[in-house]
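**Q** Please find upload_36.pdb (PDB, C-alpha atoms, pLDDT in the B column) on the next line:
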```pdb
MODEL        1
ATOM      1  CA  VAL A  63     -64.466  61.294  22.299  1.00 37.00           C
ATOM      2  CA  ASN A  64     -66.189  63.525  19.729  1.00 36.00           C
ATOM      3  CA  LYS A  65     -69.653  62.087  20.368  1.00 37.00           C
ATOM      4  CA  PHE A  66     -69.137  62.091  24.107  1.00 39.00           C
ATOM      5  CA  LEU A  67     -68.094  65.728  24.352  1.00 40.00           C
ATOM      6  CA  SER A  68     -70.547  67.101  21.809  1.00 34.00           C
ATOM      7  CA  THR A  69     -73.582  65.256  23.157  1.00 35.00           C
ATOM      8  CA  ILE A  70     -73.378  66.067  26.854  1.00 36.00           C
ATOM      9  CA  ASN A  71     -74.226  69.709  26.170  1.00 34.00           C
ATOM     10  CA  ILE A  72     -72.085  71.314  28.849  1.00 36.00           C
ATOM     11  CA  SER A  73     -69.655  74.156  28.505  1.00 36.00           C
ATOM     12  CA  VAL A  74     -66.470  72.135  28.726  1.00 39.00           C
ATOM     13  CA  PRO A  75     -63.853  72.754  25.995  1.00 39.00           C
ATOM     14  CA  LYS A  76     -64.043  70.261  23.150  1.00 43.00           C
ATOM     15  CA  ILE A  77     -61.311  68.519  21.217  1.00 42.00           C
ATOM     16  CA  PHE A  78     -63.828  67.644  18.501  1.00 40.00           C
ATOM     17  CA  GLU A  79     -67.064  69.241  17.393  1.00 42.00           C
ATOM     18  CA  ILE A  80     -69.570  67.716  14.973  1.00 40.00           C
ATOM     19  CA  ASP A  81     -71.120  69.834  12.227  1.00 46.00           C
ATOM     20  CA  ASP A  82     -74.198  67.747  11.389  1.00 47.00           C
ATOM     21  CA  SER A  83     -75.250  70.003   8.467  1.00 50.00           C
ATOM     22  CA  LYS A  84     -72.051  69.158   6.580  1.00 49.00           C
ATOM     23  CA  ASN A  85     -71.373  65.755   8.147  1.00 48.00           C
ATOM     24  CA  LEU A  86     -67.952  66.957   9.236  1.00 47.00           C
ATOM     25  CA  ILE A  87     -65.866  66.583  12.372  1.00 44.00           C
ATOM     26  CA  LEU A  88     -64.188  69.854  13.252  1.00 48.00           C
ATOM     27  CA  MET A  89     -61.046  69.655  15.345  1.00 54.00           C
ATOM     28  CA  GLU A  90     -59.998  72.281  17.837  1.00 63.00           C
ATOM     29  CA  ASP A  91     -56.315  72.796  18.519  1.00 65.00           C
ATOM     30  CA  PHE A  92     -55.692  73.169  22.253  1.00 72.00           C
ATOM     31  CA  GLY A  93     -52.144  74.323  21.600  1.00 71.00           C
ATOM     32  CA  ILE A  94     -49.101  73.343  23.657  1.00 79.00           C
ATOM     33  CA  ASN A  95     -49.732  75.061  27.003  1.00 88.00           C
ATOM     34  CA  ARG A  96     -50.146  72.002  29.196  1.00 91.00           C
ATOM     35  CA  TYR A  97     -50.725  72.907  32.830  1.00 90.00           C
ATOM     36  CA  ASP A  98     -47.869  70.821  34.189  1.00 89.00           C
ATOM     37  CA  LYS A  99     -45.431  72.635  31.881  1.00 91.00           C
ATOM     38  CA  ILE A 100     -46.506  76.181  32.693  1.00 88.00           C
ATOM     39  CA  ILE A 101     -47.943  75.905  36.227  1.00 86.00           C
ATOM     40  CA  ASN A 102     -45.060  77.916  37.724  1.00 86.00           C
ATOM     41  CA  SER A 103     -45.599  80.830  35.343  1.00 90.00           C
ATOM     42  CA  LEU A 104     -49.313  81.248  36.093  1.00 87.00           C
ATOM     43  CA  ASP A 105     -51.330  82.378  39.081  1.00 90.00           C
ATOM     44  CA  LEU A 106     -51.792  79.072  40.919  1.00 91.00           C
ATOM     45  CA  LYS A 107     -55.122  79.888  42.525  1.00 92.00           C
ATOM     46  CA  GLU A 108     -56.580  81.127  39.254  1.00 90.00           C
ATOM     47  CA  VAL A 109     -55.480  78.002  37.390  1.00 90.00           C
ATOM     48  CA  LEU A 110     -56.893  75.681  40.040  1.00 93.00           C
ATOM     49  CA  LEU A 111     -60.145  77.640  40.277  1.00 93.00           C
ATOM     50  CA  HIS A 112     -60.719  77.406  36.513  1.00 92.00           C
ATOM     51  CA  SER A 113     -60.148  73.665  36.754  1.00 94.00           C
ATOM     52  CA  ILE A 114     -62.482  73.252  39.740  1.00 95.00           C
ATOM     53  CA  ASN A 115     -65.175  75.255  37.961  1.00 94.00           C
ATOM     54  CA  SER A 116     -64.914  72.872  35.007  1.00 92.00           C
ATOM     55  CA  LEU A 117     -65.430  69.969  37.407  1.00 95.00           C
ATOM     56  CA  ILE A 118     -68.464  71.713  38.884  1.00 95.00           C
ATOM     57  CA  GLU A 119     -69.963  72.044  35.397  1.00 91.00           C
ATOM     58  CA  ILE A 120     -69.383  68.351  34.790  1.00 91.00           C
ATOM     59  CA  GLN A 121     -70.701  67.234  38.188  1.00 91.00           C
ATOM     60  CA  ASN A 122     -73.908  69.232  37.825  1.00 90.00           C
ATOM     61  CA  ASN A 123     -74.763  67.601  34.501  1.00 84.00           C
ATOM     62  CA  SER A 124     -76.712  64.434  35.276  1.00 70.00           C
ATOM     63  CA  GLN A 125     -76.525  63.218  31.658  1.00 73.00           C
ATOM     64  CA  LEU A 126     -72.949  62.159  32.298  1.00 68.00           C
ATOM     65  CA  VAL A 127     -74.193  59.517  34.720  1.00 72.00           C
ATOM     66  CA  THR A 128     -77.379  58.406  32.993  1.00 68.00           C
ATOM     67  CA  ASN A 129     -76.527  58.503  29.271  1.00 68.00           C
ATOM     68  CA  TYR A 130     -73.274  56.567  29.146  1.00 75.00           C
ATOM     69  CA  ASN A 131     -72.422  52.964  29.878  1.00 84.00           C
ATOM     70  CA  LEU A 132     -69.594  53.589  32.334  1.00 91.00           C
ATOM     71  CA  ASP A 133     -68.381  51.119  34.947  1.00 93.00           C
ATOM     72  CA  THR A 134     -69.293  51.885  38.547  1.00 95.00           C
ATOM     73  CA  TYR A 135     -66.563  51.914  41.176  1.00 97.00           C
ATOM     74  CA  ASN A 136     -66.857  49.331  43.966  1.00 96.00           C
ATOM     75  CA  PHE A 137     -64.725  47.464  46.484  1.00 96.00           C
ATOM     76  CA  SER A 138     -63.412  45.141  43.793  1.00 96.00           C
ATOM     77  CA  SER A 139     -62.063  48.186  41.928  1.00 96.00           C
ATOM     78  CA  PHE A 140     -60.606  49.542  45.157  1.00 97.00           C
ATOM     79  CA  LYS A 141     -58.952  46.215  46.047  1.00 95.00           C
ATOM     80  CA  THR A 142     -57.313  45.994  42.625  1.00 95.00           C
ATOM     81  CA  GLU A 143     -55.869  49.469  43.011  1.00 95.00           C
ATOM     82  CA  ILE A 144     -54.580  49.169  46.580  1.00 96.00           C
ATOM     83  CA  ALA A 145     -52.999  45.853  45.564  1.00 96.00           C
ATOM     84  CA  GLU A 146     -50.396  47.783  43.556  1.00 97.00           C
ATOM     85  CA  PHE A 147     -49.006  49.166  46.822  1.00 97.00           C
ATOM     86  CA  VAL A 148     -49.112  45.707  48.406  1.00 96.00           C
ATOM     87  CA  ASP A 149     -47.572  43.872  45.452  1.00 96.00           C
ATOM     88  CA  PHE A 150     -44.775  46.285  44.598  1.00 97.00           C
ATOM     89  CA  TYR A 151     -43.953  48.805  47.322  1.00 96.00           C
ATOM     90  CA  LEU A 152     -44.209  46.552  50.364  1.00 95.00           C
ATOM     91  CA  PRO A 153     -41.834  43.891  48.960  1.00 95.00           C
ATOM     92  CA  PHE A 154     -39.528  46.698  47.822  1.00 94.00           C
ATOM     93  CA  LYS A 155     -39.336  47.853  51.465  1.00 93.00           C
ATOM     94  CA  ASN A 156     -39.087  44.278  52.791  1.00 94.00           C
ATOM     95  CA  ILE A 157     -42.272  44.613  54.852  1.00 93.00           C
ATOM     96  CA  SER A 158     -43.096  41.460  56.803  1.00 93.00           C
ATOM     97  CA  LYS A 159     -45.962  39.235  55.704  1.00 92.00           C
ATOM     98  CA  SER A 160     -47.849  39.817  58.977  1.00 94.00           C
ATOM     99  CA  ILE A 161     -47.917  43.581  58.373  1.00 94.00           C
ATOM    100  CA  VAL A 162     -49.046  43.029  54.777  1.00 94.00           C
ATOM    101  CA  GLU A 163     -51.980  40.924  55.963  1.00 94.00           C
ATOM    102  CA  GLU A 164     -52.890  43.480  58.622  1.00 96.00           C
ATOM    103  CA  PHE A 165     -52.696  46.263  56.014  1.00 96.00           C
ATOM    104  CA  ILE A 166     -55.207  44.544  53.712  1.00 95.00           C
ATOM    105  CA  ILE A 167     -57.631  43.707  56.547  1.00 96.00           C
ATOM    106  CA  ILE A 168     -57.634  47.282  57.854  1.00 97.00           C
ATOM    107  CA  TRP A 169     -58.269  48.833  54.445  1.00 98.00           C
ATOM    108  CA  HIS A 170     -61.146  46.408  53.842  1.00 97.00           C
ATOM    109  CA  SER A 171     -62.802  47.049  57.204  1.00 97.00           C
ATOM    110  CA  GLU A 172     -62.410  50.825  56.961  1.00 97.00           C
ATOM    111  CA  PHE A 173     -63.837  50.805  53.441  1.00 97.00           C
ATOM    112  CA  ASP A 174     -66.908  48.970  54.700  1.00 95.00           C
ATOM    113  CA  ASN A 175     -67.365  51.567  57.461  1.00 95.00           C
ATOM    114  CA  LEU A 176     -67.854  54.394  54.978  1.00 95.00           C
ATOM    115  CA  ASN A 177     -71.211  55.039  53.368  1.00 90.00           C
ATOM    116  CA  PHE A 178     -70.048  55.482  49.782  1.00 95.00           C
ATOM    117  CA  ASN A 179     -72.597  56.454  47.177  1.00 91.00           C
ATOM    118  CA  TRP A 180     -71.054  55.900  43.757  1.00 95.00           C
ATOM    119  CA  ASN A 181     -73.228  58.210  41.688  1.00 91.00           C
ATOM    120  CA  SER A 182     -70.985  60.769  39.969  1.00 94.00           C
ATOM    121  CA  PHE A 183     -68.980  61.042  36.780  1.00 93.00           C
ATOM    122  CA  VAL A 184     -65.234  60.671  37.371  1.00 95.00           C
ATOM    123  CA  HIS A 185     -62.668  61.562  34.721  1.00 94.00           C
ATOM    124  CA  LYS A 186     -60.053  59.725  36.850  1.00 95.00           C
ATOM    125  CA  ASP A 187     -56.981  61.292  35.224  1.00 94.00           C
ATOM    126  CA  PHE A 188     -57.860  64.907  35.961  1.00 96.00           C
ATOM    127  CA  GLU A 189     -54.232  65.903  36.455  1.00 93.00           C
ATOM    128  CA  LEU A 190     -52.120  68.809  35.251  1.00 92.00           C
ATOM    129  CA  SER A 191     -50.716  66.731  32.389  1.00 92.00           C
ATOM    130  CA  ASN A 192     -54.239  66.316  30.942  1.00 92.00           C
ATOM    131  CA  LEU A 193     -55.275  69.947  31.283  1.00 93.00           C
ATOM    132  CA  MET A 194     -54.526  72.621  28.709  1.00 90.00           C
ATOM    133  CA  TYR A 195     -54.386  76.364  29.327  1.00 90.00           C
ATOM    134  CA  LEU A 196     -56.618  78.197  26.820  1.00 88.00           C
ATOM    135  CA  HIS A 197     -55.740  81.807  27.571  1.00 80.00           C
ATOM    136  CA  ASN A 198     -58.250  83.316  25.118  1.00 81.00           C
ATOM    137  CA  ARG A 199     -61.252  81.712  26.834  1.00 79.00           C
ATOM    138  CA  LYS A 200     -63.186  83.062  29.788  1.00 76.00           C
ATOM    139  CA  GLU A 201     -63.345  81.690  33.327  1.00 70.00           C
ATOM    140  CA  HIS A 202     -63.373  77.869  33.574  1.00 70.00           C
ATOM    141  CA  LEU A 203     -63.334  77.502  29.791  1.00 81.00           C
ATOM    142  CA  LYS A 204     -59.649  78.313  30.007  1.00 83.00           C
ATOM    143  CA  CYS A 205     -59.262  74.707  31.137  1.00 87.00           C
ATOM    144  CA  GLY A 206     -59.109  72.294  28.194  1.00 87.00           C
ATOM    145  CA  ILE A 207     -59.600  68.681  29.292  1.00 89.00           C
ATOM    146  CA  LEU A 208     -57.995  65.673  27.576  1.00 89.00           C
ATOM    147  CA  ASP A 209     -58.148  61.860  27.872  1.00 87.00           C
ATOM    148  CA  TYR A 210     -61.562  60.696  29.053  1.00 87.00           C
ATOM    149  CA  GLN A 211     -60.914  57.027  28.290  1.00 89.00           C
ATOM    150  CA  ASN A 212     -60.629  55.929  31.948  1.00 92.00           C
ATOM    151  CA  ALA A 213     -63.854  57.592  33.093  1.00 93.00           C
ATOM    152  CA  PHE A 214     -66.166  55.775  35.521  1.00 94.00           C
ATOM    153  CA  ILE A 215     -68.999  56.394  37.974  1.00 94.00           C
ATOM    154  CA  GLY A 216     -67.776  56.966  41.505  1.00 95.00           C
ATOM    155  CA  PHE A 217     -67.113  59.516  44.242  1.00 97.00           C
ATOM    156  CA  SER A 218     -67.873  63.092  43.176  1.00 96.00           C
ATOM    157  CA  GLY A 219     -64.679  64.519  44.668  1.00 97.00           C
ATOM    158  CA  TRP A 220     -62.288  62.073  42.997  1.00 98.00           C
ATOM    159  CA  ASP A 221     -61.174  64.488  40.282  1.00 98.00           C
ATOM    160  CA  VAL A 222     -60.688  67.224  42.865  1.00 98.00           C
ATOM    161  CA  PHE A 223     -57.963  65.297  44.673  1.00 98.00           C
ATOM    162  CA  SER A 224     -56.511  64.153  41.343  1.00 97.00           C
ATOM    163  CA  LEU A 225     -55.997  67.839  40.607  1.00 97.00           C
ATOM    164  CA  LEU A 226     -55.010  69.198  44.000  1.00 97.00           C
ATOM    165  CA  GLU A 227     -52.872  66.234  45.076  1.00 96.00           C
ATOM    166  CA  ASN A 228     -50.715  65.785  41.991  1.00 95.00           C
ATOM    167  CA  PRO A 229     -48.320  62.873  42.636  1.00 95.00           C
ATOM    168  CA  ARG A 230     -45.562  64.227  40.383  1.00 94.00           C
ATOM    169  CA  ILE A 231     -45.514  67.951  41.108  1.00 92.00           C
ATOM    170  CA  TYR A 232     -45.625  69.388  44.602  1.00 92.00           C
ATOM    171  CA  PHE A 233     -47.179  72.832  44.425  1.00 90.00           C
ATOM    172  CA  ASP A 234     -48.435  75.020  47.251  1.00 87.00           C
ATOM    173  CA  ASN A 235     -51.536  73.543  48.934  1.00 91.00           C
ATOM    174  CA  LYS A 236     -52.606  76.713  50.730  1.00 93.00           C
ATOM    175  CA  TYR A 237     -55.748  76.957  48.573  1.00 96.00           C
ATOM    176  CA  ASN A 238     -56.840  73.339  48.948  1.00 97.00           C
ATOM    177  CA  ASP A 239     -59.232  73.732  51.881  1.00 97.00           C
ATOM    178  CA  GLU A 240     -60.940  76.690  50.241  1.00 97.00           C
ATOM    179  CA  LEU A 241     -61.268  74.965  46.856  1.00 98.00           C
ATOM    180  CA  ILE A 242     -62.542  71.686  48.301  1.00 98.00           C
ATOM    181  CA  GLU A 243     -65.255  73.512  50.227  1.00 98.00           C
ATOM    182  CA  TYR A 244     -66.045  75.635  47.150  1.00 98.00           C
ATOM    183  CA  PHE A 245     -66.521  72.481  45.075  1.00 98.00           C
ATOM    184  CA  TYR A 246     -68.702  70.893  47.747  1.00 98.00           C
ATOM    185  CA  ASN A 247     -70.909  73.995  48.076  1.00 98.00           C
ATOM    186  CA  ASN A 248     -71.441  74.301  44.322  1.00 97.00           C
ATOM    187  CA  THR A 249     -72.275  70.679  43.514  1.00 96.00           C
ATOM    188  CA  ASN A 250     -75.271  68.531  44.338  1.00 92.00           C
ATOM    189  CA  GLN A 251     -74.118  66.645  47.422  1.00 94.00           C
ATOM    190  CA  ASN A 252     -76.251  64.284  49.506  1.00 93.00           C
ATOM    191  CA  ILE A 253     -73.760  63.897  52.364  1.00 96.00           C
ATOM    192  CA  SER A 254     -72.485  66.332  54.967  1.00 97.00           C
ATOM    193  CA  PHE A 255     -69.267  68.220  54.370  1.00 98.00           C
ATOM    194  CA  GLY A 256     -67.610  66.205  57.135  1.00 97.00           C
ATOM    195  CA  GLU A 257     -68.535  62.925  55.421  1.00 97.00           C
ATOM    196  CA  PHE A 258     -67.368  64.309  52.097  1.00 98.00           C
ATOM    197  CA  LEU A 259     -63.960  65.208  53.543  1.00 98.00           C
ATOM    198  CA  ASN A 260     -63.599  61.788  55.163  1.00 98.00           C
ATOM    199  CA  GLN A 261     -64.323  60.006  51.892  1.00 98.00           C
ATOM    200  CA  TYR A 262     -62.119  62.466  49.998  1.00 98.00           C
ATOM    201  CA  TYR A 263     -59.032  61.815  52.128  1.00 98.00           C
ATOM    202  CA  PHE A 264     -59.750  58.090  52.448  1.00 98.00           C
ATOM    203  CA  LEU A 265     -59.802  57.589  48.684  1.00 98.00           C
ATOM    204  CA  ASN A 266     -56.921  59.987  48.119  1.00 98.00           C
ATOM    205  CA  THR A 267     -54.782  58.096  50.637  1.00 98.00           C
ATOM    206  CA  ALA A 268     -55.514  54.885  48.744  1.00 98.00           C
ATOM    207  CA  ARG A 269     -54.767  56.565  45.420  1.00 98.00           C
ATOM    208  CA  GLN A 270     -51.404  57.931  46.548  1.00 98.00           C
ATOM    209  CA  SER A 271     -50.556  54.450  47.864  1.00 98.00           C
ATOM    210  CA  ARG A 272     -51.467  52.851  44.539  1.00 98.00           C
ATOM    211  CA  ILE A 273     -49.355  55.343  42.599  1.00 97.00           C
ATOM    212  CA  ILE A 274     -46.335  54.673  44.822  1.00 98.00           C
ATOM    213  CA  GLY A 275     -46.655  50.974  43.995  1.00 97.00           C
ATOM    214  CA  ARG A 276     -46.998  51.821  40.322  1.00 97.00           C
ATOM    215  CA  TRP A 277     -43.813  53.928  40.310  1.00 97.00           C
ATOM    216  CA  ILE A 278     -41.884  50.969  41.729  1.00 97.00           C
ATOM    217  CA  ASN A 279     -43.441  48.510  39.287  1.00 97.00           C
ATOM    218  CA  LEU A 280     -42.816  50.667  36.219  1.00 97.00           C
ATOM    219  CA  ASP A 281     -39.185  51.163  37.076  1.00 97.00           C
ATOM    220  CA  LYS A 282     -38.775  47.440  37.695  1.00 94.00           C
ATOM    221  CA  LYS A 283     -40.308  46.655  34.300  1.00 95.00           C
ATOM    222  CA  ASN A 284     -38.293  49.297  32.466  1.00 96.00           C
ATOM    223  CA  LYS A 285     -35.112  48.604  34.425  1.00 94.00           C
ATOM    224  CA  ASN A 286     -34.514  52.266  35.198  1.00 95.00           C
ATOM    225  CA  ASN A 287     -35.330  54.866  37.854  1.00 93.00           C
ATOM    226  CA  PHE A 288     -37.433  57.230  35.762  1.00 96.00           C
ATOM    227  CA  TYR A 289     -40.560  57.040  37.934  1.00 96.00           C
ATOM    228  CA  SER A 290     -38.756  56.689  41.243  1.00 94.00           C
ATOM    229  CA  LYS A 291     -37.886  60.368  41.011  1.00 96.00           C
ATOM    230  CA  TYR A 292     -41.540  61.079  41.837  1.00 96.00           C
ATOM    231  CA  LEU A 293     -41.561  58.964  44.992  1.00 96.00           C
ATOM    232  CA  HIS A 294     -40.663  61.815  47.344  1.00 96.00           C
ATOM    233  CA  VAL A 295     -43.589  63.904  46.053  1.00 96.00           C
ATOM    234  CA  THR A 296     -46.087  61.042  46.197  1.00 97.00           C
ATOM    235  CA  LEU A 297     -44.946  60.017  49.676  1.00 97.00           C
ATOM    236  CA  LYS A 298     -45.338  63.611  50.825  1.00 96.00           C
ATOM    237  CA  ARG A 299     -48.859  63.672  49.403  1.00 97.00           C
ATOM    238  CA  LEU A 300     -49.632  60.352  51.094  1.00 98.00           C
ATOM    239  CA  LYS A 301     -48.452  61.491  54.516  1.00 97.00           C
ATOM    240  CA  LYS A 302     -50.422  64.738  54.247  1.00 96.00           C
ATOM    241  CA  SER A 303     -53.575  62.843  53.278  1.00 97.00           C
ATOM    242  CA  LEU A 304     -53.144  60.434  56.193  1.00 97.00           C
ATOM    243  CA  TYR A 305     -52.806  63.388  58.547  1.00 97.00           C
ATOM    244  CA  TYR A 306     -56.051  64.958  57.334  1.00 97.00           C
ATOM    245  CA  LEU A 307     -57.870  61.627  57.271  1.00 98.00           C
ATOM    246  CA  GLN A 308     -57.290  61.137  61.011  1.00 96.00           C
ATOM    247  CA  ASN A 309     -57.965  57.401  60.848  1.00 97.00           C
ATOM    248  CA  PRO A 310     -56.156  55.785  63.814  1.00 97.00           C
ATOM    249  CA  LYS A 311     -56.014  52.284  62.339  1.00 97.00           C
ATOM    250  CA  LEU A 312     -54.646  53.379  58.979  1.00 98.00           C
ATOM    251  CA  SER A 313     -52.229  55.833  60.575  1.00 97.00           C
ATOM    252  CA  LYS A 314     -50.873  53.082  62.810  1.00 97.00           C
ATOM    253  CA  ILE A 315     -50.321  50.549  60.038  1.00 97.00           C
ATOM    254  CA  TYR A 316     -48.696  53.141  57.763  1.00 97.00           C
ATOM    255  CA  SER A 317     -46.379  54.166  60.607  1.00 95.00           C
ATOM    256  CA  LYS A 318     -44.992  50.621  60.492  1.00 93.00           C
ATOM    257  CA  ILE A 319     -44.475  50.846  56.748  1.00 95.00           C
ATOM    258  CA  LEU A 320     -43.268  54.362  56.024  1.00 92.00           C
ATOM    259  CA  VAL A 321     -40.521  54.425  58.659  1.00 76.00           C
ATOM    260  CA  LYS A 322     -38.551  51.797  56.738  1.00 56.00           C
TER     261      LYS A 322
ENDMDL
END
```
Kindly transcribe the structure held in the file into structure tokens.

**A**
Amino acid sequence: VNKFLSTINISVPKIFEIDDSKNLILMEDFGINRYDKIINSLDLKEVLLHSINSLIEIQNNSQLVTNYNLDTYNFSSFKTEIAEFVDFYLPFKNISKSIVEEFIIIWHSEFDNLNFNWNSFVHKDFELSNLMYLHNRKEHLKCGILDYQNAFIGFSGWDVFSLLENPRIYFDNKYNDELIEYFYNNTNQNISFGEFLNQYYFLNTARQSRIIGRWINLDKKNKNNFYSKYLHVTLKRLKKSLYYLQNPKLSKIYSKILVK
């Protein structure tokens, strides 16, 4: 992490900083103000804007894509993730095998219909629990970012929906449209805003589905209901994303699943 954050030369808060003159690694204490713990005591729009501005800084630094040996997202990655919904949530709801097969076919065909260009750095876990509030910093530097270990190359807006569509905490989404457009306008995009939104909600719908399957699986493994308490939030996020996606085929198949 220290080499990664110190080498990319962007103004994102560091956990570690290397002092080459003394051959030392200096550690910075981010404190205890994790966003998910204090989100209700802060100005929501300000917090989200600082976070989005950090993402803009990251997205506009091409070294993140070219200088690091990160895996590139593809359909195989997508299939593995959506399989969590298929393997754990659908059996949990006693969904018939014919609907399961139809579900997989539709996701595959709709994925192929989108012109994805996997060319951007993705933190992947850019959620409130990995963001620290640094009140003494200015602007986006108030957002300390943790846990880069799952990073990959993929869709530029992935971390935006990870932030705005938190599957554990349902906060007001009245700023989402404004912040999504703000991110799009301030990053180097090679697709129209309409295409960006379509890919954004497509991948977010898949992500919320995967997380629902994961909640079920984790509780089954641990023999408790710790993660199931988040299901109502994640399902709400999923239904909202489906609504904005406006994909008739996916909406129809989910209508057969979510009513149960």

**Q** Kindly compute an axis-aligned box around the listed atoms of stretch 104-122 of chain A, allowing 8 Å on each side, and express its centre and edge lengths in Å to one decimal as JSON.

**A**
```
{"center_x": -61.6, "center_y": 74.8, "center_z": 38.7, "size_x": 40.6, "size_y": 31.1, "size_z": 23.7}
```

**Q** Work out how far atom CA of A:Asp98 is from atom CA of A:Met194, in Å to one decimal.

**A** 8.8 Å

**Q** Please return, as a count of residues only, all polymer residues that have at least one atom within 12 Å of the point (-61.4, 81.6, 30.4); use all atoms listed in the file and the file's own coordinate frame.

**A** 23

**Q** Could you tell me which residues the PyMOL selection byres ((chain A and resi 225) around 9) returns for this structure, as a PyMOL selection string?

**A** chain A and resi 110+113-114+187-190+220-224+226-228

**Q** Would you work out the distance separating atom CA of A:Glu257 from atom CA of A:Asn179, expressed in Å to one decimal?

**A**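 Atom CA of A:Asn179 lies 11.2 Å from atom CA of A:Glu257.
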
**Q** In terms of the shortest atom-to-atom distance over all atoms listed in the file, which of A:Thr296, A:Gln121, A:Thr134, A:Ser139 is closest to A:Tyr232?

**A**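 Smallest separation from A:Tyr232 among the options: A:Thr296.
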
**Q** Measuring atom to atom with all atoms listed in the file, identify which of A:Lys282, A:Phe217, A:Asn248, A:Pro229 is nearest to A:Tyr262.

**A** A:Phe217

**Q** Per residue of stretch 235-263 of chain A within 9 Å of stretch 302-314 of chain A, record the nearest atom pair and its distance in Å to one decimal, counting only C-alpha atoms, with rows in chain order and ascending residue number, as CSV.

**A**
```
residue,atom,partner,partner_atom,distance
A:Leu259,CA,A:Leu307,CA,8.0
A:Asn260,CA,A:Leu307,CA,6.1
A:Gln261,CA,A:Leu307,CA,8.6
A:Tyr262,CA,A:Leu307,CA,8.5
A:Tyr263,CA,A:Leu307,CA,5.3
```

**Q** How would the residues just picked look written out with C-alpha atoms as a short mmCIF file (atom, residue, chain, number, x, y, z; two decimals), keeping the file's coordinate frame?

**A**
```cif
data_model
loop_
_atom_site.label_atom_id
_atom_site.label_comp_id
_atom_site.auth_asym_id
_atom_site.auth_seq_id
_atom_site.Cartn_x
_atom_site.Cartn_y
_atom_site.Cartn_z
CA LEU A 259 -63.96 65.21 53.54
CA ASN A 260 -63.60 61.79 55.16
CA GLN A 261 -64.32 60.01 51.89
CA TYR A 262 -62.12 62.47 50.00
CA TYR A 263 -59.03 61.82 52.13
#
```

**Q** Between atom CA of A:Val148 and atom CA of A:Val162, what is the spacing in Å?

**A**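 Separating atom CA of A:Val162 from atom CA of A:Val148 is a distance of 6.9 Å.
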
**Q** As a check of understanding, name the residues that the PyMOL selection byres ((chain A and resi 244) around 12) selects in the supplied structure, as a list in words.

**A**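 Matching residues under the PyMOL selection byres ((chain A and resi 244) around 12) are Leu110, Leu111, Ile114, Asn115, Leu117, Ile118, Gly219, Val222, Tyr237, Asn238, Asp239, Glu240, Leu241, Ile242, Glu243, Phe245, Tyr246, Asn247, Asn248, Thr249, Asn250 and Phe255 of chain A.
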
**Q** Can you tell me, as a list in words, what residues are no more than 6 Å from stretch 266-273 of chain A when counting only C-alpha atoms, ignoring any on the same chain fewer than 4 positions away?

**A** Glu143, Ile144, Glu146, Phe147, Leu300 and Ser303 of chain A

**Q** Evaluate the PyMOL selection byres ((chain A and resi 184) around 6) here and jot the selected residues down as a ChimeraX atom specification.

**A** /A:183,185-186,213-215

**Q** Which polymer residues have any atom within 10 Å of an atom of A:Asn287, counting all atoms listed in the file, with same-chain residues fewer than 5 positions away left out, as a VMD selection string?

**A** chain A and resid 277 to 278 280 to 282 292

**Q** Which one of A:Lys291, A:Arg276, A:Arg299, A:Lys318 sits closest to A:Phe150 if you count only C-alpha atoms?

**A** A:Arg276

**Q** In terms of the shortest atom-to-atom distance over all atoms listed in the file, which of A:Asn175, A:Gln211, A:Ser317, A:Ser290 is closest to A:Tyr151?

**A**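 Of A:Asn175, A:Gln211, A:Ser317, A:Ser290, the one nearest A:Tyr151, counting all atoms listed in the file, is A:Ser290.
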
**Q** Go through A:Leu132, A:Lys159, A:Gly216, A:Ser171 one by one, measure the shortest atom-to-atom distance of each to A:Leu265 using all atoms listed in the file, and give the residue with the smallest value.

**A** A:Gly216

**Q** Out of A:Ser160, A:Asn136, A:Asn192, A:Ser124, which residue has the shortest atom-to-atom distance to A:Phe92 when counting only C-alpha atoms?

**A**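 Nearest candidate to A:Phe92 out of A:Ser160, A:Asn136, A:Asn192, A:Ser124: A:Asn192.
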